[in-house]
Amino acid sequence: VQLQASGGGLVQPGSSLRLSCAVSGLSFSDYHMGWFRQAPGREREFVAVVSWSGGVTDYSDSVKGRSTISRDNAKNTVYLQMNSLKPEDTADYYCAADRFGGRWDYQLRRLAHEYDYWGQGTQVTVSS
């Protein structure tokens, strides 16, 4: 199983970035997909999650209204569009996969330990 995150970089406050996470080695549409982030010296925190179908999403308060999570099941890829970036968004961003309980399962999780697979991080630095 591989989760390959990309799209990070150094940007100025107020800018936008789109992170991508390409997934292989599992049945992508059987997993809810989440994004987490970890800033230096801080614990990993939940950012956003999208259901297996793409129809249900959840966001942390820190990014709600500024970010959009989406997925393309045909491309086995999940995205995180982040707008109006702030210095406090600076962190390593990780994608993660949480196996669902079936087509009726829309319980989206925010706790890192509940996810089954993780990718490597992509670094986002917001600085002027």
# chains A, B, ... in the order shown; residues from 1 in each chain; ligands from 1

call {"tool": "residues_around", "arguments": {"residues": "A:Pro13", "least_positions_apart": "2", "cutoff": "6 Å", "atoms": "only C-alpha atoms", "output": "compact mmCIF listing (two decimals) with C-alpha atoms, in the first residue's frame"}}
result
# COMPACT_ATOMS: atom_id res chain seq x y z
CA SER A 15 -2.02 32.22 -1.13
CA LEU A 85 -3.27 30.34 3.83
CA LYS A 86 -1.97 31.61 7.15
CA VAL A 126 3.41 29.86 4.80

call {"tool": "closest_atom_pairs", "arguments": {"of": "stretch 44-74 of chain A", "to": "stretch 95-116 of chain A", "cutoff": "9 Å", "atoms": "only C-alpha atoms", "output": "JSON lines"}}
result
{"residue": "A:Arg44", "atom": "CA", "partner": "A:Ala112", "partner_atom": "CA", "distance": 7.7}
{"residue": "A:Glu45", "atom": "CA", "partner": "A:Ala112", "partner_atom": "CA", "distance": 7.6}
{"residue": "A:Phe46", "atom": "CA", "partner": "A:Arg110", "partner_atom": "CA", "distance": 5.6}
{"residue": "A:Val47", "atom": "CA", "partner": "A:Arg110", "partner_atom": "CA", "distance": 8.1}
{"residue": "A:Ala48", "atom": "CA", "partner": "A:Arg110", "partner_atom": "CA", "distance": 7.9}
{"residue": "A:Val49", "atom": "CA", "partner": "A:Leu108", "partner_atom": "CA", "distance": 6.7}
{"residue": "A:Val50", "atom": "CA", "partner": "A:Leu108", "partner_atom": "CA", "distance": 7.4}
{"residue": "A:Ser51", "atom": "CA", "partner": "A:Tyr106", "partner_atom": "CA", "distance": 6.2}
{"residue": "A:Trp52", "atom": "CA", "partner": "A:Phe100", "partner_atom": "CA", "distance": 7.3}
{"residue": "A:Ser53", "atom": "CA", "partner": "A:Arg103", "partner_atom": "CA", "distance": 8.5}
{"residue": "A:Val56", "atom": "CA", "partner": "A:Tyr106", "partner_atom": "CA", "distance": 7.2}
{"residue": "A:Thr57", "atom": "CA", "partner": "A:Leu108", "partner_atom": "CA", "distance": 7.8}
{"residue": "A:Asp58", "atom": "CA", "partner": "A:Leu108", "partner_atom": "CA", "distance": 7.3}
{"residue": "A:Tyr59", "atom": "CA", "partner": "A:Arg110", "partner_atom": "CA", "distance": 9.0}
{"residue": "A:Ser60", "atom": "CA", "partner": "A:Arg110", "partner_atom": "CA", "distance": 8.7}

call {"tool": "write_last_selection", "arguments": {"atoms": "N, CA and C atoms", "output": "CSV table (one decimal), in the first residue's frame"}}
result
chain,number,residue,atom,x,y,z
A,44,ARG,N,0.2,15.6,15.9
A,44,ARG,CA,-0.5,15.5,14.6
A,44,ARG,C,-2.0,15.8,14.8
A,45,GLU,N,-2.5,16.7,14.0
A,45,GLU,CA,-3.9,17.1,14.1
A,45,GLU,C,-4.7,16.8,12.9
A,46,PHE,N,-6.0,16.6,13.1
A,46,PHE,CA,-7.0,16.4,12.0
A,46,PHE,C,-7.2,17.7,11.2
A,47,VAL,N,-7.3,17.5,9.9
A,47,VAL,CA,-7.6,18.7,9.0
A,47,VAL,C,-8.9,18.5,8.3
A,48,ALA,N,-9.1,17.4,7.6
A,48,ALA,CA,-10.3,17.1,6.9
A,48,ALA,C,-10.4,15.7,6.5
A,49,VAL,N,-11.6,15.2,6.2
A,49,VAL,CA,-11.9,13.9,5.8
A,49,VAL,C,-13.0,13.9,4.8
A,50,VAL,N,-12.9,12.9,3.8
A,50,VAL,CA,-14.0,12.8,2.8
A,50,VAL,C,-14.4,11.3,2.8
A,51,SER,N,-15.7,11.1,2.7
A,51,SER,CA,-16.2,9.7,2.7
A,51,SER,C,-15.8,9.0,1.5
A,52,TRP,N,-16.0,7.7,1.5
A,52,TRP,CA,-15.6,6.8,0.4
A,52,TRP,C,-16.2,7.3,-1.0
A,53,SER,N,-17.4,7.8,-0.9
A,53,SER,CA,-18.1,8.2,-2.1
A,53,SER,C,-17.8,9.6,-2.5
A,56,VAL,N,-19.7,13.1,1.5
A,56,VAL,CA,-19.7,13.7,2.8
A,56,VAL,C,-18.3,14.1,3.3
A,57,THR,N,-18.2,15.3,3.9
A,57,THR,CA,-16.9,15.8,4.3
A,57,THR,C,-17.0,16.3,5.7
A,58,ASP,N,-15.9,16.5,6.3
A,58,ASP,CA,-15.8,17.1,7.6
A,58,ASP,C,-14.5,17.8,7.7
A,59,TYR,N,-14.5,19.0,8.4
A,59,TYR,CA,-13.3,19.8,8.5
A,59,TYR,C,-13.0,20.2,9.9
A,60,SER,N,-11.8,20.4,10.2
A,60,SER,CA,-11.5,21.0,11.5
A,60,SER,C,-11.9,22.5,11.5

call {"tool": "select_by_dssp", "arguments": {"residues": "stretch 1-104 of chain A", "states": "strand (DSSP E or B)", "output": "PyMOL selection string"}}
result
chain A and resi 2-6+9-11+17-24+31-38+45-50+57-59+67-72+77-82+91-99

call {"tool": "atom_distance", "arguments": {"atom1": "atom CA of A:Trp118", "atom2": "atom CA of A:Met33"}}
result
10.0 Å

call {"tool": "decode", "arguments": {"residues": "stretch 86-99 of chain A", "atoms": "N, CA, C and O atoms", "output": "compact mmCIF listing (two decimals), in the first residue's frame"}}
result
# COMPACT_ATOMS: atom_id res chain seq x y z
N LYS A 86 -2.49 30.82 6.04
CA LYS A 86 -1.97 31.61 7.15
C LYS A 86 -0.66 31.01 7.64
O LYS A 86 -0.42 29.80 7.46
N PRO A 87 0.18 31.78 8.29
CA PRO A 87 1.42 31.20 8.84
C PRO A 87 1.16 30.00 9.75
O PRO A 87 1.96 29.06 9.77
N GLU A 88 0.05 30.02 10.45
CA GLU A 88 -0.25 28.90 11.36
C GLU A 88 -0.66 27.63 10.62
O GLU A 88 -0.84 26.58 11.23
N ASP A 89 -0.80 27.70 9.30
CA ASP A 89 -1.03 26.50 8.51
C ASP A 89 0.28 25.77 8.20
O ASP A 89 0.25 24.68 7.62
N THR A 90 1.39 26.35 8.55
CA THR A 90 2.69 25.73 8.30
C THR A 90 2.79 24.41 9.05
O THR A 90 2.61 24.37 10.27
N ALA A 91 3.07 23.34 8.31
CA ALA A 91 3.14 22.00 8.89
C ALA A 91 3.49 21.01 7.80
O ALA A 91 3.46 21.34 6.61
N ASP A 92 3.78 19.81 8.22
CA ASP A 92 3.82 18.67 7.29
C ASP A 92 2.40 18.12 7.20
O ASP A 92 1.77 17.87 8.23
N TYR A 93 1.94 17.92 5.99
CA TYR A 93 0.58 17.44 5.75
C TYR A 93 0.63 15.98 5.31
O TYR A 93 1.41 15.63 4.40
N TYR A 94 -0.20 15.16 5.95
CA TYR A 94 -0.25 13.73 5.69
C TYR A 94 -1.64 13.30 5.24
O TYR A 94 -2.64 13.75 5.80
N CYS A 95 -1.68 12.39 4.27
CA CYS A 95 -2.95 11.78 3.93
C CYS A 95 -3.02 10.41 4.59
O CYS A 95 -1.99 9.78 4.87
N ALA A 96 -4.24 9.97 4.84
CA ALA A 96 -4.45 8.71 5.53
C ALA A 96 -5.73 8.05 5.04
O ALA A 96 -6.67 8.73 4.61
N ALA A 97 -5.76 6.73 5.14
CA ALA A 97 -6.90 5.94 4.66
C ALA A 97 -7.55 5.19 5.81
O ALA A 97 -6.86 4.54 6.60
N ASP A 98 -8.86 5.28 5.88
CA ASP A 98 -9.65 4.62 6.93
C ASP A 98 -10.66 3.71 6.25
O ASP A 98 -11.59 4.19 5.59
N ARG A 99 -10.49 2.40 6.41
CA ARG A 99 -11.39 1.46 5.74
C ARG A 99 -12.81 1.62 6.26
O ARG A 99 -13.05 1.62 7.46
